[in-house]
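So the structure is just underneath, and the comments pick up after that.
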Amino acid sequence: MLAGLTGARAQDYPARTVTIIVPFAAGGPADITGRIVADIFSRHLGQKFVVENVGGAGGTIGALRAARAAADGYTILSGHLGTNALASAFYPNLGYDPRKDFAPIGLTAEYPELLVVRKDFPASNLKEFVAYARSNASKLNVGHAGLGSVSYIGCLLLNSAIGIKPAMVPFTGTAPVLNAMLAGEIDYECDPVLGTLSQVRAGNVKALAVAAKKRSPMLPDVPTSHEQGLPEFDCAPFYGVFAPSGTPQPIIDKLAEALNKGLSEESVQKRLADLGADIVEPNRRGPKALADLVKSESDRLMPILKAAAGK
Ligand code: MLT
């Protein structure tokens with residue numbers, strides 16, 4: 001009886017507006033990605049999917065809220081490498097288990113990070129940056145989206161590779177970090193490429209390195225960290241969609257199918273490519289591929305992060 005009822009409800013899903021929690025401030029990479037996902041679901045599932053920004057504590061406040069929501073498909077999370085794989089490295093009492101408390105739906109995009117400095121920062125490449133940062137570390141302010149966010153993780157890898165411990169200044173997302181950098185209050189940040197792309201292009205901030213092996217087609221003149229001799233600074237976080245665990249399988253399947261359809265659309269692929277994303281190939285889409293990615297990224301990065309954080 002109960003199974004039948006659940007089945008019927010799952011069949012009607014979605015029968016009303018669905019909330020997508022984005023665990024960071026509006027206007028940044030997580031928010032932009034979450035809104036692309038909301039648009040895909042709204043168009044393919046015939047109901048409104050609305051983004052709710054729940055920022056704070058490196059995305060873990062929003063992720064916790066999603067983990068504890070009713071497992072009925074009406075509250076889902078657009079999370080990422082930090083909230084859904086690595087947060088437990090930073091928070092001993094996280095309140096949720098990134099692997100056990102979420103049912104993965106699918107990978108949305110991966111974006112390499114950029115090292116971005118304020119316009120008048122006295123360095124124009126990674127070598128000059130390292131020299132200046134080593135001599136002036138105690139004066140530097142690094143902006144990030146909270147402990148465990150991907151902007152925090154990226155700069156943790158960078159700072160530990162060059163042996164500095166500057167002040168790490170938390171915000172609720174990297175959109176407010178960028179505003180603070182434009183105001184001259186923040187010296188540098190490490191953010192997925194889409195976060196600062198337009199300000200880099202406008203010349204209002206400077207991108208010194210792509211934290212990857214290959215350059216970004218969106219910023220072909222910016223050399224990679226590998227080219228500039230700092231391969232430890234390598235960070236291309238995934239963004240993906242998750243439901244609270246226990247969400248009925250037919251609902252997970254519907255969401256996964258809609259996401260897959262959306263990611264196959266030319267307009268969506270162009271939008272993501274214009275933001276500097278690596279497009280997710282069909283064999284990497286869906287719940288199983290995302291579950292595998294969460295596991296492999298946790299296994300790969302946990303020891304590196306613990307070493308970088310000196311734990
Ligand atoms: C944001 O959207 O603010 C960032 O992607 C969050 C983060 O750095 O993890």
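By order of appearance in the structure tokens: chains A, B, ..., then residues from 1 within every chain, and ligands from 1 in the order shown.
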
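Around Ala180 (chain A), within 12 Å and counting only C-alpha atoms, the residues found are Val117, Arg118, Asn141, Val142, Gly143, His144, Val169, Pro170, Phe171, Gly173, Thr174, Ala175, Pro176, Gly184, Glu185, Ile186, Asp187, Tyr188, Glu189 and Val205 of chain A, once anything fewer than 4 positions away on its own chain is removed.
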
Serialized selection, N, CA and C atoms, as a short mmCIF file (atom, residue, chain, number, x, y, z; two decimals), in the first residue's frame:
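Output below, filename out-v9.cif:
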```cif
data_model
loop_
_atom_site.label_atom_id
_atom_site.label_comp_id
_atom_site.auth_asym_id
_atom_site.auth_seq_id
_atom_site.Cartn_x
_atom_site.Cartn_y
_atom_site.Cartn_z
N VAL A 117 44.16 38.10 -9.04
CA VAL A 117 44.65 39.10 -8.09
C VAL A 117 44.03 40.46 -8.40
N ARG A 118 44.05 41.34 -7.40
CA ARG A 118 43.51 42.69 -7.65
C ARG A 118 44.34 43.36 -8.74
N ASN A 141 45.61 39.42 2.10
CA ASN A 141 44.27 38.92 2.42
C ASN A 141 43.75 38.08 1.25
N VAL A 142 43.43 36.83 1.56
CA VAL A 142 42.90 35.93 0.54
C VAL A 142 41.39 35.80 0.76
N GLY A 143 40.60 36.05 -0.28
CA GLY A 143 39.14 35.91 -0.15
C GLY A 143 38.71 34.50 -0.56
N HIS A 144 37.74 33.96 0.16
CA HIS A 144 37.22 32.63 -0.20
C HIS A 144 35.79 32.49 0.31
N VAL A 169 40.18 35.13 4.42
CA VAL A 169 39.00 35.91 4.80
C VAL A 169 37.73 35.27 4.21
N PRO A 170 36.83 34.77 5.07
CA PRO A 170 35.65 34.07 4.54
C PRO A 170 34.51 35.00 4.12
N PHE A 171 33.84 34.62 3.05
CA PHE A 171 32.62 35.29 2.59
C PHE A 171 31.57 34.19 2.38
N GLY A 173 30.24 33.53 -0.45
CA GLY A 173 30.40 33.04 -1.82
C GLY A 173 31.50 33.86 -2.47
N THR A 174 31.88 33.47 -3.67
CA THR A 174 32.97 34.23 -4.29
C THR A 174 32.48 35.45 -5.07
N ALA A 175 31.15 35.59 -5.27
CA ALA A 175 30.65 36.85 -5.84
C ALA A 175 30.99 38.01 -4.89
N PRO A 176 30.69 37.90 -3.59
CA PRO A 176 31.11 38.98 -2.68
C PRO A 176 32.64 39.10 -2.54
N GLY A 184 39.49 46.66 -3.66
CA GLY A 184 40.87 46.69 -3.18
C GLY A 184 41.07 46.09 -1.80
N GLU A 185 40.03 45.42 -1.27
CA GLU A 185 40.14 44.89 0.11
C GLU A 185 40.73 43.48 0.15
N ILE A 186 40.69 42.81 -0.97
CA ILE A 186 41.18 41.42 -1.06
C ILE A 186 42.30 41.38 -2.09
N ASP A 187 43.38 40.67 -1.78
CA ASP A 187 44.53 40.64 -2.70
C ASP A 187 44.39 39.56 -3.76
N TYR A 188 43.93 38.39 -3.35
CA TYR A 188 43.77 37.35 -4.36
C TYR A 188 42.74 36.31 -3.96
N GLU A 189 42.31 35.55 -4.96
CA GLU A 189 41.38 34.44 -4.73
C GLU A 189 41.63 33.37 -5.77
N VAL A 205 40.48 42.92 -12.88
CA VAL A 205 41.31 42.07 -12.02
C VAL A 205 42.25 41.33 -12.96
#
```

| Leaving out region 271-285 of chain A and any residue of its chain fewer than 6 positions from it, which residues lie within 8 Å of it when counting only C-alpha atoms, given as a list of chain:residue names? | A:Gly106, A:Leu107, A:Thr108, A:Ala109, A:Glu110, A:Tyr111, A:Pro112, A:Val193, A:Leu194, A:Leu197, A:Ser216, A:Pro217, A:Met218, A:Asn260, A:Leu263

| task | Go through region 31-260 of chain A and collect every residue that DSSP, computed from the backbone, puts in alpha helix (DSSP H); the answer should be as a PyMOL selection string. | result | chain A and resi 31-45+60-68+81+126-136+150-162+174-182+197-201+249-260

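Counting only C-alpha atoms, Gly79 (chain A) has the following residues at most 7 Å away, ignoring those fewer than 5 positions along the same chain: Val22, Asn84, Tyr239, Gly240, Val241 and Phe242 of chain A.
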
| task | Excluding Pro14 (chain A) and any residue of its chain fewer than 3 positions from it, enumerate the residues within 12 Å of it, using only C-alpha atoms, and give them as a ChimeraX atom specification. | result | /A:8-11,17-19,41-42,44-49,72-75,250-252,254-255,258

Could you turn the residues from that selection into a file that holds N, CA and C atoms, as an mmCIF file, in the first residue's frame?
```
data_model
loop_
_atom_site.group_PDB
_atom_site.id
_atom_site.type_symbol
_atom_site.label_atom_id
_atom_site.label_comp_id
_atom_site.auth_asym_id
_atom_site.auth_seq_id
_atom_site.Cartn_x
_atom_site.Cartn_y
_atom_site.Cartn_z
ATOM 1 N N ALA A 8 2.862 6.019 -6.928
ATOM 2 C CA ALA A 8 1.945 6.948 -7.593
ATOM 3 C C ALA A 8 2.451 8.370 -7.474
ATOM 4 N N ARG A 9 2.933 8.728 -6.302
ATOM 5 C CA ARG A 9 3.441 10.088 -6.101
ATOM 6 C C ARG A 9 4.662 10.329 -6.980
ATOM 7 N N ALA A 10 5.514 9.328 -7.030
ATOM 8 C CA ALA A 10 6.714 9.470 -7.845
ATOM 9 C C ALA A 10 6.328 9.627 -9.313
ATOM 10 N N GLN A 11 5.260 8.928 -9.698
ATOM 11 C CA GLN A 11 4.822 9.016 -11.088
ATOM 12 C C GLN A 11 4.338 10.424 -11.435
ATOM 13 N N THR A 17 6.117 23.252 -7.316
ATOM 14 C CA THR A 17 7.431 23.883 -7.420
ATOM 15 C C THR A 17 8.482 23.112 -6.616
ATOM 16 N N VAL A 18 9.658 22.982 -7.193
ATOM 17 C CA VAL A 18 10.781 22.304 -6.528
ATOM 18 C C VAL A 18 11.837 23.346 -6.157
ATOM 19 N N THR A 19 12.386 23.217 -4.970
ATOM 20 C CA THR A 19 13.453 24.130 -4.526
ATOM 21 C C THR A 19 14.811 23.485 -4.775
ATOM 22 N N PHE A 41 15.707 21.633 -15.617
ATOM 23 C CA PHE A 41 14.629 20.858 -14.990
ATOM 24 C C PHE A 41 13.258 21.488 -15.276
ATOM 25 N N SER A 42 13.180 22.823 -15.171
ATOM 26 C CA SER A 42 11.886 23.487 -15.395
ATOM 27 C C SER A 42 11.378 23.177 -16.796
ATOM 28 N N HIS A 44 12.258 20.652 -18.845
ATOM 29 C CA HIS A 44 12.041 19.238 -19.168
ATOM 30 C C HIS A 44 11.031 18.547 -18.269
ATOM 31 N N LEU A 45 10.736 19.115 -17.107
ATOM 32 C CA LEU A 45 9.811 18.430 -16.198
ATOM 33 C C LEU A 45 8.509 19.203 -15.984
ATOM 34 N N GLY A 46 8.380 20.363 -16.644
ATOM 35 C CA GLY A 46 7.091 21.050 -16.678
ATOM 36 C C GLY A 46 6.622 21.648 -15.362
ATOM 37 N N GLN A 47 7.538 21.884 -14.432
ATOM 38 C CA GLN A 47 7.198 22.595 -13.185
ATOM 39 C C GLN A 47 8.306 23.610 -12.922
ATOM 40 N N LYS A 48 7.996 24.561 -12.053
ATOM 41 C CA LYS A 48 9.050 25.526 -11.711
ATOM 42 C C LYS A 48 10.070 24.889 -10.775
ATOM 43 N N PHE A 49 11.338 25.065 -11.077
ATOM 44 C CA PHE A 49 12.440 24.716 -10.164
ATOM 45 C C PHE A 49 13.085 26.043 -9.791
ATOM 46 N N ASP A 72 11.489 13.719 -0.798
ATOM 47 C CA ASP A 72 10.342 13.585 -1.708
ATOM 48 C C ASP A 72 10.596 14.250 -3.062
ATOM 49 N N GLY A 73 11.842 14.698 -3.273
ATOM 50 C CA GLY A 73 12.185 15.305 -4.571
ATOM 51 C C GLY A 73 11.873 16.790 -4.663
ATOM 52 N N TYR A 74 11.255 17.365 -3.612
ATOM 53 C CA TYR A 74 10.869 18.780 -3.706
ATOM 54 C C TYR A 74 11.926 19.737 -3.151
ATOM 55 N N THR A 75 12.962 19.179 -2.535
ATOM 56 C CA THR A 75 14.130 19.979 -2.154
ATOM 57 C C THR A 75 15.359 19.196 -2.571
ATOM 58 N N PRO A 250 12.223 6.305 -8.703
ATOM 59 C CA PRO A 250 11.629 6.874 -9.923
ATOM 60 C C PRO A 250 11.841 8.393 -10.021
ATOM 61 N N ILE A 251 11.913 9.064 -8.877
ATOM 62 C CA ILE A 251 12.153 10.519 -8.885
ATOM 63 C C ILE A 251 13.600 10.804 -9.281
ATOM 64 N N ILE A 252 14.513 10.045 -8.687
ATOM 65 C CA ILE A 252 15.936 10.192 -9.056
ATOM 66 C C ILE A 252 16.082 9.977 -10.566
ATOM 67 N N LYS A 254 13.869 10.321 -12.958
ATOM 68 C CA LYS A 254 13.298 11.421 -13.751
ATOM 69 C C LYS A 254 14.239 12.619 -13.789
ATOM 70 N N LEU A 255 14.786 12.937 -12.625
ATOM 71 C CA LEU A 255 15.700 14.091 -12.564
ATOM 72 C C LEU A 255 16.954 13.815 -13.394
ATOM 73 N N ALA A 258 16.189 14.100 -17.082
ATOM 74 C CA ALA A 258 16.014 15.501 -17.505
ATOM 75 C C ALA A 258 17.372 16.215 -17.580
#
```

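Compared by their closest atoms to ligand 1, and using only C-alpha atoms and all ligand atoms, the residues A:Ala236, A:Leu115, A:Ala26, A:Val130 rank with A:Ala26 nearest.
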
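Within region 128-233 of chain A, the backbone-based DSSP assignment of strand (DSSP E) covers Asn141, Val142, Gly143, His144, Ala167, Met168, Val169, Pro170, Tyr188, Glu189, Cys190, Asp191, Pro192, Val205, Lys206, Ala207, Leu208, Ala209 and Val210 of chain A.
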
Export C-alpha atoms of the chosen residues as a compact mmCIF listing (two decimals), in the first residue's frame?
```txt
# COMPACT_ATOMS: atom_id res chain seq x y z
CA ASN A 141 44.27 38.92 2.42
CA VAL A 142 42.90 35.93 0.54
CA GLY A 143 39.14 35.91 -0.15
CA HIS A 144 37.22 32.63 -0.20
CA ALA A 167 44.99 35.76 6.24
CA MET A 168 42.11 33.71 4.84
CA VAL A 169 39.00 35.91 4.80
CA PRO A 170 35.65 34.07 4.54
CA TYR A 188 43.77 37.35 -4.36
CA GLU A 189 41.38 34.44 -4.73
CA CYS A 190 41.19 31.04 -6.40
CA ASP A 191 37.84 30.63 -8.10
CA PRO A 192 36.35 28.46 -10.85
CA VAL A 205 41.31 42.07 -12.02
CA LYS A 206 44.27 40.01 -13.27
CA ALA A 207 44.31 36.22 -13.87
CA LEU A 208 47.81 34.86 -13.28
CA ALA A 209 47.32 31.10 -13.69
CA VAL A 210 44.81 28.41 -14.63
```

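Those protein and nucleic acid residues that have any atom within 6 Å of ligand 1 are, using only C-alpha atoms and all ligand atoms, Phe24, Ala25, Gly28, Pro29, Ala30, Asp31, Ala145, Ser149, Val150, Ser151, Gly173, Thr174 and Ala175 of chain A.
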
| Selection near Leu158 (chain A), 9 Å with only C-alpha atoms, sequence-local residues under 6 positions removed, as a list in words | Leu115, Ile164, Cys190, Leu230, Glu232, Phe233 and Asp234 of chain A

| request: Rank nothing, just name the residue among A:Lys139, A:Lys214, A:Lys270, A:Arg134 nearest to Ser160 (chain A), using only C-alpha atoms. | output: A:Arg134

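Near Lys306 (chain A), within 12 Å and counting only C-alpha atoms, sit Leu86, Ala87, Ser88, Ala89, Phe90, Tyr91, Gly148, Ile153, Leu156, Leu157, Ser160, Ser298, Asp299, Arg300, Leu301 and Lys311 of chain A; same-chain residues fewer than 5 positions away were not included.
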
Output file for the selection above: C-alpha atoms, as a short mmCIF file (atom, residue, chain, number, x, y, z; two decimals), in the first residue's frame:
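Resulting contents of part_17.cif:
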```cif
data_model
loop_
_atom_site.label_atom_id
_atom_site.label_comp_id
_atom_site.auth_asym_id
_atom_site.auth_seq_id
_atom_site.Cartn_x
_atom_site.Cartn_y
_atom_site.Cartn_z
CA LEU A 86 35.52 17.04 0.96
CA ALA A 87 33.61 18.98 3.63
CA SER A 88 34.26 16.34 6.27
CA ALA A 89 38.01 17.05 6.01
CA PHE A 90 37.31 20.51 7.43
CA TYR A 91 34.36 19.96 9.78
CA GLY A 148 35.84 23.75 2.75
CA ILE A 153 40.55 24.45 -1.24
CA LEU A 156 44.96 26.10 0.31
CA LEU A 157 46.73 24.02 -2.36
CA SER A 160 50.82 25.27 0.93
CA SER A 298 37.40 12.12 -1.87
CA ASP A 299 39.98 9.32 -1.97
CA ARG A 300 42.36 11.38 -4.13
CA LEU A 301 42.11 14.74 -2.40
CA LYS A 311 46.59 17.89 9.90
#
```

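Using only C-alpha atoms, the residues found no farther than 10 Å from Asn204 (chain A), other than those of its own chain fewer than 5 positions away, are A:Val117, A:Arg118, A:Lys119, A:Asp120, A:Met181, A:Leu182, A:Thr196, A:Ser198, A:Gln199.
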
Those residues with N, CA and C atoms, as a compact mmCIF listing (two decimals), in the first residue's frame please?
```
# COMPACT_ATOMS: atom_id res chain seq x y z
N VAL A 117 44.16 38.10 -9.04
CA VAL A 117 44.65 39.10 -8.09
C VAL A 117 44.03 40.46 -8.40
N ARG A 118 44.05 41.34 -7.40
CA ARG A 118 43.51 42.69 -7.65
C ARG A 118 44.34 43.36 -8.74
N LYS A 119 43.71 44.34 -9.38
CA LYS A 119 44.28 44.96 -10.57
C LYS A 119 45.70 45.51 -10.33
N ASP A 120 45.92 46.11 -9.15
CA ASP A 120 47.22 46.75 -8.91
C ASP A 120 48.16 45.86 -8.09
N MET A 181 37.42 42.40 -3.85
CA MET A 181 38.69 42.56 -4.59
C MET A 181 38.64 43.80 -5.48
N LEU A 182 37.48 44.02 -6.10
CA LEU A 182 37.34 45.23 -6.94
C LEU A 182 37.48 46.49 -6.09
N THR A 196 35.12 34.87 -12.31
CA THR A 196 35.78 36.17 -12.53
C THR A 196 35.98 36.49 -14.01
N SER A 198 34.35 37.66 -16.60
CA SER A 198 34.03 38.95 -17.24
C SER A 198 34.90 40.07 -16.66
N GLN A 199 35.22 40.01 -15.39
CA GLN A 199 36.07 41.07 -14.80
C GLN A 199 37.53 40.93 -15.25
```

| task | Can you work out which one of A:Val222, A:Leu259, A:Val54, A:Ile61 has the shortest atom-to-atom distance to Val200 (chain A), counting only C-alpha atoms? | result | A:Val222

| When you draw a straight line from CA of Asp39 (chain A) to CA of Leu77 (chain A), how long is it in Å? | 14.3 Å

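Among the candidates A:Leu290, A:Val51, A:Ala71, A:Leu219, the one nearest to Asp101 (chain A) when counting only C-alpha atoms is A:Ala71.
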